[in-house]
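Structure record follows, encoded as structure tokens.
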Amino acid sequence: MATGQGALLSLLSYKMSGFLKQPLVVRADINLNVLALAGLGLLSRLWRLTYPRAVVFDEVYYGQYISFYMKRVFFLDGSGPPLGHMLLALGGYLGGFDGNFLWNRIGAEYSSNVPVWSLRLLPALAGAFSVPMAYQIVLELRFSHCAAMGAGLLMLIENALITQSRLILLEAVLIFFSLLSVLSYLKFSNLQHSPFSLSWWFWLVLTGVACSCTVGIKYMGVFTYLLVLSVAAAHAWHLVGDQTLSNVGAESRWHPGGGGAKRAECVALSGWGRQCFSVLWQVCVCCHLLARAVALLVIPALMYLLFFYVHLSILFRSGPHDQVMSSAFQASLEGGLARITRGQPLEVAYGSQVTLKSAFGKPVPCWLHSHQSTYPVIYENGRGSSHQQQVTCYPFKDVNNWWIVKDPGRHQLVVSNPPRPVRHGDTVQLVHGMTARLLNTHDVAAPLSPHAQEISCYVDHNISMPAQNLWRLEIVNRDSDRDVWKTIMSEVRFVHVNTSAILKLSGAHLPDWGFRQLEVVGEKLSRGFHESMVWNVEEHRYGKSQEQRERELELHSPIQTDVSRNLSFMARFSELQWRMLTLRTDDSEHKYSSTPLEWVTLDTNIAYWLHPKSSAQIHLLGNVVIWASASLATGTYALLFLWYLLRRRRNACDLPEDDWLRWVLAGSLCCGGWAVNYLPFFLMEKTLFLYHYLPALTFQIILLPVVLQHVGDHLCRSQLQRSVFGALVVAWYSSACHVFSTLRPLTYGDTSLSPSELRALRWKDSWDILIRKY
């Protein structure tokens with residue numbers, strides 16, 4: 001044993017001595033162009049990042065959401081998924097921000113507890129690294145380093161991109177992930193010679209992750225995602241017809257020859273080889289398609305859910321936006337409704353005291369309500385009413401929102417022991433708690449909806465109008481026909497027994513005689529299910545007082561219980577996603593709003609900030625040379641593409657096949673990226689601003705040096721033409737640099753200009769350059 005151990009030690013010693021005699025070599029492939037562009041990008045975006053130390057334009061909008069994150073308070077923003085907000089909040093968290101700042105006006109000075117540098121750092125880094133990423137994309141499209149460097153330098157000196165990336169805004173982050181998704185897919189596509197390798201998997205998965213982050217920043221990121229999916233689908237379609245995928249040249253291994261039995265054996269083997277090759281090819285194609293489906297469809301979907309899971313995990317406290325959500329969602333938040341409804345009985349029973357909230361929540365969340373006032377005998381248009389007690393939907397919590405669930409066969413208004421639960425299909429009466437009148441409807445037209453029936457609380461005025469106050473309960477989200485009516489969780493409809501009318505919120509505001517509250521009607525001509533017909537119990541208690549005076553005191557008293565219940569993540573996610581997609585934002589005109597046609601020609605700008613004492617100011621204003629050249633390059637590409645396409649149709653191939661495929665791919669990604677990020681805005685009914693064009697502009701900027709290289713390589717026939725064209729390109733880029741330098745004071749806002757200097761910068765009459773009047 002000792003001898004064996006000694007021999008082993010000797011062997012190891014020999015190996016180590018041999019290893020130490022060899023030189024230790026580390027090879028590194030460093031692209032200095034990328035390092036230079038990254039350094040310049042960081043310098044341009046991080047220079048005096050804390051200036052100005054005041055709220056700049058939409059920082060007032062995003063800042064309040066950062067404060068909500070810091071305080072763990074729930075909010076609802078219909079502009080997009082929560083990833084962008086969470087990334088901005090991450091900067092605040094790392095900087096030690098406590099959320100205590102009032103984001104109430106543009107220009108407000110930041111207090112000492114606001115880490116301005118940390119809050120603006122992430123957008124600045126995203127804008128800086130977008131510069132070398134543009135360089136990499138052009139390289140992956142197989143164009144020259146010169147063209148790639150041109151794309152990076154154009155991104156570097158574009159004034160609007162610099163301005164947008166130096167503030168607490170999301171466009172720079174959106175552009176970064178859009179470019180990352182395109183770059184990752186190009187790197188993956190260029191690795192098809194080594195499928196299923198580690199790098200192949202890395203870039204494929206990173207494509208899916210980047211696409212999900214693009215969508216997670218803003219909903220408009222879905223356009224870039226669809227663009228990548230379309231290119232990937234086209235490549236997959238060509239992949240299906242690729243017979244070389246399996247790399248098994250089965251048929252070439254069989255050489256039938258000879259005679260007799262030997263030849264027959266070879267023929268049989270050849271057939272078996274072809275069958276084996278076909279199976280291998282099919283398996284390989286399936287593996288390729290499955291890998292793409294998982295990376296580009298499944299992973300983005302899972303990550304999208306993850307964004308909301310983290311979002312809802314952080315925001316667990318009640319906030320100012322709760323009222324838009326359902327009662328069940330509100331009850332899942334700490335404080336607010338959760339505090340009010342804590343420990344309520346789960347099952348609604350005969351004798352229960354309840355408040356009924358409209359599940360529709362539009363135009364505003366409201367509760368079924370009544371008060372002692374009656375409908376006018378005659379309306380303004382001459383129609384008559386029942387003159388009975390008004391029933392409305394009231395958007396505030398009030399003691400007149402309480403109703404008692406009564407068994408029509410009994411006079412009892414308290415819960416028996418044990419409680420008798422109300423089930424789907426049961427007939428009930430709803431007694432208004434404060435006035436003791438029963439919910440009623442009849443063949444009288446509603447005040448503002450003549451096609452529907454009036455809803456009232458029955459008052460006997462001796463006018464021969466009998467009470468019709470029986471309602472059949474229908475649980476919409478039931479699992480069986482004997483489900484029990486449950487607090488918060490059950491969504492119910494009330495169907496009038498006599499007329500089959502359904503209790504519905506019309507959403508119309510009653511006149512002054514109805515205190516501007518919302519109209520409730522009996523919808524008789526129902527055209528199917530509608531959310532405005534659905535109600536749910538929000539507050540609930542078991543009634544204990546049969547006497548009216550004691551019951552009124554009971555309704556005024558708070559609920560004293562101490563139990564809570566939660567909603568599943570998928571239920572909360574589904575509701576929140578639906579609310580975000582259907583939330584209507586304020587579409588009123590803004591001073592700096594603009595149309596998509598004004599973006600292309602740069603006929604508009606946005607004044608972001610004005611120094612309170614000097615004339616220093618920040619504007620979102622693009623480099624006019626780059627914007628005009630980018631549009632011209634897009635049009636040039638389209639014309640050249642159509643020309644080449646027509647020529648190829650006539651079998652006149654002006655470009656070699658590799659150059660043609662490279663030209664098509666560049667146009668698909670760059671022109672396609674511009675189109676999908678620009679054209680949809682013509683269909684949107686929302687307030688639009690110049691910064692909405694920046695993602696589309698980025699793709700145009702990447703296309704610009706591609707078109708320039710193509711013109712120089714394929715359209716300039718002689719060396720003289722190439723030299724002249726090169727000189728023109730240098731002059732053109734010099735003019736772009738000059739424009740960047742001229743507009744720099746409006747980009748960084750760190751220079752006070754005189755009124756004459758400001759007027760000189762107003763190159764278009766439509767530009768709103770601010771000039772103080774002293």
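Note on naming: chains are A, B, ... as they come in the structure tokens, residues start from 1 per chain, ligands start from 1 in the order shown.
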Members of range 458-699 of chain A assigned alpha helix (DSSP H) by DSSP, as a count of residues only:
82
Contacts of Val676 in chain A within 12 Å, only C-alpha atoms, excl. fewer than 4 positions in-chain, as a PyMOL selection string:
chain A and resi 220-228+230+668-672+680-682+693+695-697+699-700
Which of these, A:Leu239, A:Ala638, A:Leu46, A:Ala291, has the shortest distance to Phe202 in chain A once you count only C-alpha atoms?
A:Ala291
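Shortest separation to Trp663 in chain A among A:Val707, A:Ala148, A:Met489, A:Ala36 occurs at residue A:Val707, atoms counted being only C-alpha atoms.
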Within 9 Å of range 203-209 of chain A, counting only C-alpha atoms, which residues qualify if same-chain residues fewer than 6 places away don't, as a list in words?
Leu180, Ser181, Val182, Leu183, Ser184, Tyr185, Leu186, Lys187, Phe188, Ser189, Tyr225, Val228, Ala291, Arg292, Val294, Ala295, Leu296, Leu297, Val298, Ile299, Pro300 and Met303 of chain A
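Rounded to one decimal, CA of Val414 in chain A and CA of Gln468 in chain A lie 22.3 Å from each other.
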Provide the CA of Asn400 in chain A to CA of Ala436 in chain A distance in Å, to one decimal place.
10.8 Å
For Ala446 in chain A, which residue among A:Ser327, A:Ser718, A:Ser313, A:Ser386 is the nearest when counting only C-alpha atoms?
A:Ser386
Would you mind listing what lies within 8 Å of Tyr394 in chain A as a PyMOL selection string, with only C-alpha atoms counted and same-chain residues fewer than 2 positions away left out?
chain A and resi 366-369+392+396-397+401+517-518
Next, write the just-selected residues to a file, as an mmCIF file, in the first residue's frame, keeping all heavy atoms as the atom set.
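File result.cif, as written:
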data_model
loop_
_atom_site.group_PDB
_atom_site.id
_atom_site.type_symbol
_atom_site.label_atom_id
_atom_site.label_comp_id
_atom_site.auth_asym_id
_atom_site.auth_seq_id
_atom_site.Cartn_x
_atom_site.Cartn_y
_atom_site.Cartn_z
ATOM 1 N N CYS A 366 -68.258 51.810 -7.845
ATOM 2 C CA CYS A 366 -69.381 52.322 -7.065
ATOM 3 C C CYS A 366 -70.141 51.182 -6.412
ATOM 4 O O CYS A 366 -69.968 50.008 -6.768
ATOM 5 C CB CYS A 366 -70.316 53.161 -7.944
ATOM 6 S SG CYS A 366 -71.049 52.238 -9.320
ATOM 7 N N TRP A 367 -71.011 51.536 -5.454
ATOM 8 C CA TRP A 367 -71.759 50.560 -4.683
ATOM 9 C C TRP A 367 -73.268 50.824 -4.828
ATOM 10 O O TRP A 367 -73.696 51.980 -4.935
ATOM 11 C CB TRP A 367 -71.385 50.671 -3.196
ATOM 12 C CG TRP A 367 -69.980 50.244 -2.910
ATOM 13 C CD1 TRP A 367 -69.557 49.027 -2.467
ATOM 14 C CD2 TRP A 367 -68.796 51.028 -3.064
ATOM 15 N NE1 TRP A 367 -68.183 49.013 -2.329
ATOM 16 C CE2 TRP A 367 -67.687 50.221 -2.692
ATOM 17 C CE3 TRP A 367 -68.546 52.337 -3.486
ATOM 18 C CZ2 TRP A 367 -66.374 50.680 -2.716
ATOM 19 C CZ3 TRP A 367 -67.235 52.796 -3.518
ATOM 20 C CH2 TRP A 367 -66.169 51.972 -3.135
ATOM 21 N N LEU A 368 -74.047 49.736 -4.844
ATOM 22 C CA LEU A 368 -75.505 49.864 -4.912
ATOM 23 C C LEU A 368 -75.982 50.669 -3.703
ATOM 24 O O LEU A 368 -75.624 50.358 -2.556
ATOM 25 C CB LEU A 368 -76.147 48.484 -4.926
ATOM 26 C CG LEU A 368 -77.649 48.451 -5.234
ATOM 27 C CD1 LEU A 368 -77.909 48.892 -6.666
ATOM 28 C CD2 LEU A 368 -78.216 47.039 -5.008
ATOM 29 N N HIS A 369 -76.803 51.683 -3.963
ATOM 30 C CA HIS A 369 -77.073 52.722 -2.960
ATOM 31 C C HIS A 369 -78.532 53.155 -3.062
ATOM 32 O O HIS A 369 -79.138 53.128 -4.136
ATOM 33 C CB HIS A 369 -76.131 53.909 -3.253
ATOM 34 C CG HIS A 369 -76.348 55.116 -2.395
ATOM 35 N ND1 HIS A 369 -75.644 55.354 -1.250
ATOM 36 C CD2 HIS A 369 -77.178 56.188 -2.542
ATOM 37 C CE1 HIS A 369 -76.015 56.500 -0.712
ATOM 38 N NE2 HIS A 369 -76.956 57.031 -1.485
ATOM 39 N N THR A 392 -79.425 54.118 -6.748
ATOM 40 C CA THR A 392 -78.320 54.574 -7.594
ATOM 41 C C THR A 392 -77.088 53.716 -7.326
ATOM 42 O O THR A 392 -77.135 52.744 -6.574
ATOM 43 C CB THR A 392 -77.990 56.046 -7.284
ATOM 44 O OG1 THR A 392 -77.498 56.145 -5.939
ATOM 45 C CG2 THR A 392 -79.211 56.944 -7.451
ATOM 46 N N PHE A 396 -68.743 56.339 -3.385
ATOM 47 C CA PHE A 396 -68.076 56.524 -2.097
ATOM 48 C C PHE A 396 -68.702 55.590 -1.068
ATOM 49 O O PHE A 396 -69.883 55.246 -1.160
ATOM 50 C CB PHE A 396 -68.201 57.983 -1.613
ATOM 51 C CG PHE A 396 -67.638 58.988 -2.575
ATOM 52 C CD1 PHE A 396 -68.466 59.670 -3.449
ATOM 53 C CD2 PHE A 396 -66.271 59.232 -2.618
ATOM 54 C CE1 PHE A 396 -67.954 60.598 -4.334
ATOM 55 C CE2 PHE A 396 -65.748 60.159 -3.516
ATOM 56 C CZ PHE A 396 -66.584 60.832 -4.373
ATOM 57 N N LYS A 397 -67.899 55.216 -0.085
ATOM 58 C CA LYS A 397 -68.421 54.368 0.978
ATOM 59 C C LYS A 397 -69.377 55.190 1.828
ATOM 60 O O LYS A 397 -69.071 56.325 2.204
ATOM 61 C CB LYS A 397 -67.274 53.809 1.825
ATOM 62 C CG LYS A 397 -66.398 52.812 1.061
ATOM 63 C CD LYS A 397 -65.351 52.187 1.964
ATOM 64 C CE LYS A 397 -64.473 51.226 1.181
ATOM 65 N NZ LYS A 397 -65.238 50.090 0.641
ATOM 66 N N ASN A 401 -75.160 52.423 1.667
ATOM 67 C CA ASN A 401 -74.799 51.347 0.737
ATOM 68 C C ASN A 401 -75.134 49.963 1.294
ATOM 69 O O ASN A 401 -74.940 48.970 0.595
ATOM 70 C CB ASN A 401 -73.295 51.390 0.425
ATOM 71 C CG ASN A 401 -72.870 52.676 -0.262
ATOM 72 O OD1 ASN A 401 -73.703 53.424 -0.750
ATOM 73 N ND2 ASN A 401 -71.573 52.934 -0.290
ATOM 74 N N GLN A 517 -75.331 61.071 -9.026
ATOM 75 C CA GLN A 517 -74.907 59.682 -8.828
ATOM 76 C C GLN A 517 -75.200 58.863 -10.090
ATOM 77 O O GLN A 517 -75.851 59.342 -11.027
ATOM 78 C CB GLN A 517 -75.608 59.092 -7.602
ATOM 79 C CG GLN A 517 -75.201 59.799 -6.314
ATOM 80 C CD GLN A 517 -75.987 59.341 -5.107
ATOM 81 O OE1 GLN A 517 -76.645 58.296 -5.127
ATOM 82 N NE2 GLN A 517 -75.940 60.120 -4.027
ATOM 83 N N LEU A 518 -74.718 57.631 -10.143
ATOM 84 C CA LEU A 518 -74.816 56.822 -11.354
ATOM 85 C C LEU A 518 -76.141 56.060 -11.399
ATOM 86 O O LEU A 518 -76.622 55.552 -10.384
ATOM 87 C CB LEU A 518 -73.649 55.837 -11.412
ATOM 88 C CG LEU A 518 -72.251 56.473 -11.417
ATOM 89 C CD1 LEU A 518 -71.183 55.393 -11.430
ATOM 90 C CD2 LEU A 518 -72.074 57.380 -12.610
#
Give the answer as one residue: which of A:Arg662, A:Lys613, A:Arg45, A:Lys218 has the shortest atom-to-atom distance to Asn159 in chain A, using only C-alpha atoms?
A:Arg45
Contacts of His387 in chain A at 7 Å (only C-alpha atoms; same-chain gap of 4+ positions) as a PyMOL selection string:
chain A and resi 374-377
Could you save the residues just selected, with N, CA and C atoms, as a short mmCIF file (atom, residue, chain, number, x, y, z; two decimals), in the first residue's frame?
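Output contents, as saved in again.cif:
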data_model
loop_
_atom_site.label_atom_id
_atom_site.label_comp_id
_atom_site.auth_asym_id
_atom_site.auth_seq_id
_atom_site.Cartn_x
_atom_site.Cartn_y
_atom_site.Cartn_z
N THR A 374 -86.91 60.60 -3.57
CA THR A 374 -87.66 59.84 -4.56
C THR A 374 -87.41 60.39 -5.96
N TYR A 375 -87.79 59.59 -6.96
CA TYR A 375 -87.69 60.06 -8.34
C TYR A 375 -88.71 61.18 -8.57
N PRO A 376 -88.39 62.16 -9.43
CA PRO A 376 -89.37 63.21 -9.73
C PRO A 376 -90.63 62.60 -10.33
N VAL A 377 -91.77 63.21 -10.06
CA VAL A 377 -93.02 62.71 -10.64
C VAL A 377 -92.98 62.84 -12.16
#
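Across the structure, CA of Tyr458 in chain A and CA of Ser358 in chain A are spaced 21.7 Å apart.
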Using only C-alpha atoms, find the one residue out of A:Pro596, A:Val706, A:Ile314, A:Phe74 that sits nearest to Ala675 in chain A.
A:Pro596
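The residue set within 9 Å of Trp627 in chain A, counting only C-alpha atoms and dropping same-chain residues fewer than 4 places from it, reads Glu158, Val600, Thr601, Leu602, Gly622, Asn623, Ser631, Leu632, Leu697, Gln700 and Ile701 of chain A.
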File of the preceding selection, N, CA, C and O atoms, as a CSV table (one decimal), in the first residue's frame:
chain,number,residue,atom,x,y,z
A,158,GLU,N,-26.3,61.6,-31.6
A,158,GLU,CA,-27.7,62.0,-31.8
A,158,GLU,C,-28.2,62.6,-30.5
A,158,GLU,O,-28.3,62.0,-29.5
A,600,VAL,N,-41.0,62.7,-38.3
A,600,VAL,CA,-40.0,62.3,-39.4
A,600,VAL,C,-39.3,63.6,-39.8
A,600,VAL,O,-38.1,63.5,-40.0
A,601,THR,N,-40.0,64.7,-39.9
A,601,THR,CA,-39.4,65.9,-40.4
A,601,THR,C,-38.9,66.8,-39.3
A,601,THR,O,-38.4,67.9,-39.5
A,602,LEU,N,-39.0,66.3,-38.1
A,602,LEU,CA,-38.5,67.0,-36.9
A,602,LEU,C,-39.1,68.4,-36.8
A,602,LEU,O,-38.4,69.4,-36.5
A,622,GLY,N,-33.7,66.6,-31.9
A,622,GLY,CA,-32.9,65.7,-32.6
A,622,GLY,C,-31.8,66.4,-33.5
A,622,GLY,O,-31.9,67.6,-33.8
A,623,ASN,N,-30.8,65.6,-33.9
A,623,ASN,CA,-29.8,66.1,-34.8
A,623,ASN,C,-30.4,66.1,-36.2
A,623,ASN,O,-30.6,65.0,-36.8
A,631,SER,N,-34.0,59.2,-42.8
A,631,SER,CA,-35.2,59.0,-43.6
A,631,SER,C,-34.9,58.8,-45.0
A,631,SER,O,-35.5,58.0,-45.7
A,632,LEU,N,-33.9,59.5,-45.5
A,632,LEU,CA,-33.4,59.4,-46.9
A,632,LEU,C,-32.9,58.0,-47.1
A,632,LEU,O,-33.1,57.4,-48.2
A,697,LEU,N,-36.4,55.5,-34.9
A,697,LEU,CA,-35.2,56.2,-35.4
A,697,LEU,C,-33.9,55.4,-35.2
A,697,LEU,O,-33.0,55.4,-36.1
A,700,GLN,N,-33.4,53.1,-38.0
A,700,GLN,CA,-33.0,53.9,-39.2
A,700,GLN,C,-31.5,54.3,-39.1
A,700,GLN,O,-30.8,54.2,-40.2
A,701,ILE,N,-31.0,54.7,-38.0
A,701,ILE,CA,-29.6,55.0,-37.8
A,701,ILE,C,-28.7,53.9,-38.2
A,701,ILE,O,-27.7,54.0,-38.8
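Using only C-alpha atoms, the contacts of Phe641 in chain A at a cut-off of 12 Å, with sequence neighbours closer than 3 positions omitted, comprise A:Ala633, A:Thr634, A:Gly635, A:Thr636, A:Tyr637, A:Ala638, A:Tyr644, A:Leu645, A:Leu646, A:Arg647, A:Arg648, A:Asp654, A:Leu655, A:Trp660, A:Leu661, A:Arg662, A:Trp663, A:Val664, A:Leu665, A:Ala666, A:Gly667, A:Ser668, A:Cys671, A:Val707, A:His710.
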Hey, can you spit out that residue selection with N, CA and C atoms as a PDB file, in the first residue's frame?
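Final output, saved to part_31.pdb:
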ATOM      1  N   ALA A 633     -32.095  57.472 -46.176  1.00  0.00           N
ATOM      2  CA  ALA A 633     -31.529  56.122 -46.317  1.00  0.00           C
ATOM      3  C   ALA A 633     -32.619  55.065 -46.362  1.00  0.00           C
ATOM      4  N   THR A 634     -33.666  55.243 -45.558  1.00  0.00           N
ATOM      5  CA  THR A 634     -34.776  54.281 -45.564  1.00  0.00           C
ATOM      6  C   THR A 634     -35.471  54.276 -46.921  1.00  0.00           C
ATOM      7  N   GLY A 635     -35.734  55.466 -47.467  1.00  0.00           N
ATOM      8  CA  GLY A 635     -36.346  55.531 -48.784  1.00  0.00           C
ATOM      9  C   GLY A 635     -35.441  54.967 -49.867  1.00  0.00           C
ATOM     10  N   THR A 636     -34.137  55.236 -49.763  1.00  0.00           N
ATOM     11  CA  THR A 636     -33.191  54.708 -50.745  1.00  0.00           C
ATOM     12  C   THR A 636     -33.155  53.189 -50.705  1.00  0.00           C
ATOM     13  N   TYR A 637     -33.140  52.645 -49.506  1.00  0.00           N
ATOM     14  CA  TYR A 637     -33.132  51.180 -49.388  1.00  0.00           C
ATOM     15  C   TYR A 637     -34.379  50.588 -50.042  1.00  0.00           C
ATOM     16  N   ALA A 638     -35.540  51.169 -49.758  1.00  0.00           N
ATOM     17  CA  ALA A 638     -36.789  50.632 -50.312  1.00  0.00           C
ATOM     18  C   ALA A 638     -36.766  50.642 -51.840  1.00  0.00           C
ATOM     19  N   TYR A 644     -33.858  45.814 -57.335  1.00  0.00           N
ATOM     20  CA  TYR A 644     -33.175  44.517 -57.391  1.00  0.00           C
ATOM     21  C   TYR A 644     -34.173  43.373 -57.517  1.00  0.00           C
ATOM     22  N   LEU A 645     -35.301  43.517 -56.830  1.00  0.00           N
ATOM     23  CA  LEU A 645     -36.311  42.449 -56.858  1.00  0.00           C
ATOM     24  C   LEU A 645     -36.883  42.300 -58.265  1.00  0.00           C
ATOM     25  N   LEU A 646     -37.174  43.414 -58.898  1.00  0.00           N
ATOM     26  CA  LEU A 646     -37.681  43.364 -60.274  1.00  0.00           C
ATOM     27  C   LEU A 646     -36.629  42.813 -61.227  1.00  0.00           C
ATOM     28  N   ARG A 647     -35.380  43.204 -61.052  1.00  0.00           N
ATOM     29  CA  ARG A 647     -34.305  42.700 -61.903  1.00  0.00           C
ATOM     30  C   ARG A 647     -34.108  41.193 -61.730  1.00  0.00           C
ATOM     31  N   ARG A 648     -34.202  40.726 -60.485  1.00  0.00           N
ATOM     32  CA  ARG A 648     -34.053  39.285 -60.239  1.00  0.00           C
ATOM     33  C   ARG A 648     -35.211  38.511 -60.849  1.00  0.00           C
ATOM     34  N   ASP A 654     -27.969  41.472 -60.041  1.00  0.00           N
ATOM     35  CA  ASP A 654     -26.940  42.494 -59.911  1.00  0.00           C
ATOM     36  C   ASP A 654     -26.008  42.219 -58.732  1.00  0.00           C
ATOM     37  N   LEU A 655     -26.520  41.486 -57.733  1.00  0.00           N
ATOM     38  CA  LEU A 655     -25.727  41.199 -56.544  1.00  0.00           C
ATOM     39  C   LEU A 655     -25.465  39.708 -56.458  1.00  0.00           C
ATOM     40  N   TRP A 660     -26.886  39.521 -51.702  1.00  0.00           N
ATOM     41  CA  TRP A 660     -28.334  39.734 -51.755  1.00  0.00           C
ATOM     42  C   TRP A 660     -29.000  39.303 -50.449  1.00  0.00           C
ATOM     43  N   LEU A 661     -28.636  38.133 -49.936  1.00  0.00           N
ATOM     44  CA  LEU A 661     -29.215  37.664 -48.675  1.00  0.00           C
ATOM     45  C   LEU A 661     -28.846  38.601 -47.522  1.00  0.00           C
ATOM     46  N   ARG A 662     -27.615  39.091 -47.528  1.00  0.00           N
ATOM     47  CA  ARG A 662     -27.192  40.036 -46.501  1.00  0.00           C
ATOM     48  C   ARG A 662     -27.983  41.333 -46.606  1.00  0.00           C
ATOM     49  N   TRP A 663     -28.212  41.794 -47.815  1.00  0.00           N
ATOM     50  CA  TRP A 663     -28.987  43.016 -48.069  1.00  0.00           C
ATOM     51  C   TRP A 663     -30.441  42.856 -47.616  1.00  0.00           C
ATOM     52  N   VAL A 664     -31.033  41.704 -47.869  1.00  0.00           N
ATOM     53  CA  VAL A 664     -32.423  41.440 -47.473  1.00  0.00           C
ATOM     54  C   VAL A 664     -32.541  41.364 -45.958  1.00  0.00           C
ATOM     55  N   LEU A 665     -31.599  40.678 -45.306  1.00  0.00           N
ATOM     56  CA  LEU A 665     -31.662  40.551 -43.843  1.00  0.00           C
ATOM     57  C   LEU A 665     -31.506  41.915 -43.173  1.00  0.00           C
ATOM     58  N   ALA A 666     -30.570  42.735 -43.682  1.00  0.00           N
ATOM     59  CA  ALA A 666     -30.386  44.075 -43.112  1.00  0.00           C
ATOM     60  C   ALA A 666     -31.656  44.905 -43.243  1.00  0.00           C
ATOM     61  N   GLY A 667     -32.310  44.825 -44.396  1.00  0.00           N
ATOM     62  CA  GLY A 667     -33.543  45.573 -44.581  1.00  0.00           C
ATOM     63  C   GLY A 667     -34.679  45.039 -43.737  1.00  0.00           C
ATOM     64  N   SER A 668     -34.742  43.711 -43.605  1.00  0.00           N
ATOM     65  CA  SER A 668     -35.812  43.110 -42.803  1.00  0.00           C
ATOM     66  C   SER A 668     -35.745  43.588 -41.361  1.00  0.00           C
ATOM     67  N   CYS A 671     -35.279  48.228 -41.684  1.00  0.00           N
ATOM     68  CA  CYS A 671     -36.523  48.840 -42.199  1.00  0.00           C
ATOM     69  C   CYS A 671     -37.737  48.287 -41.464  1.00  0.00           C
ATOM     70  N   VAL A 707     -26.593  51.374 -45.962  1.00  0.00           N
ATOM     71  CA  VAL A 707     -26.907  51.893 -47.296  1.00  0.00           C
ATOM     72  C   VAL A 707     -25.698  52.609 -47.892  1.00  0.00           C
ATOM     73  N   HIS A 710     -23.265  50.074 -49.155  1.00  0.00           N
ATOM     74  CA  HIS A 710     -23.786  49.436 -50.361  1.00  0.00           C
ATOM     75  C   HIS A 710     -23.608  50.341 -51.581  1.00  0.00           C
TER      76      HIS A 710
END
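Proximity to His692 in chain A was assessed for A:Asp483, A:Glu598, A:Glu109, A:Glu519 counting only C-alpha atoms; the smallest distance is recorded for A:Glu598.
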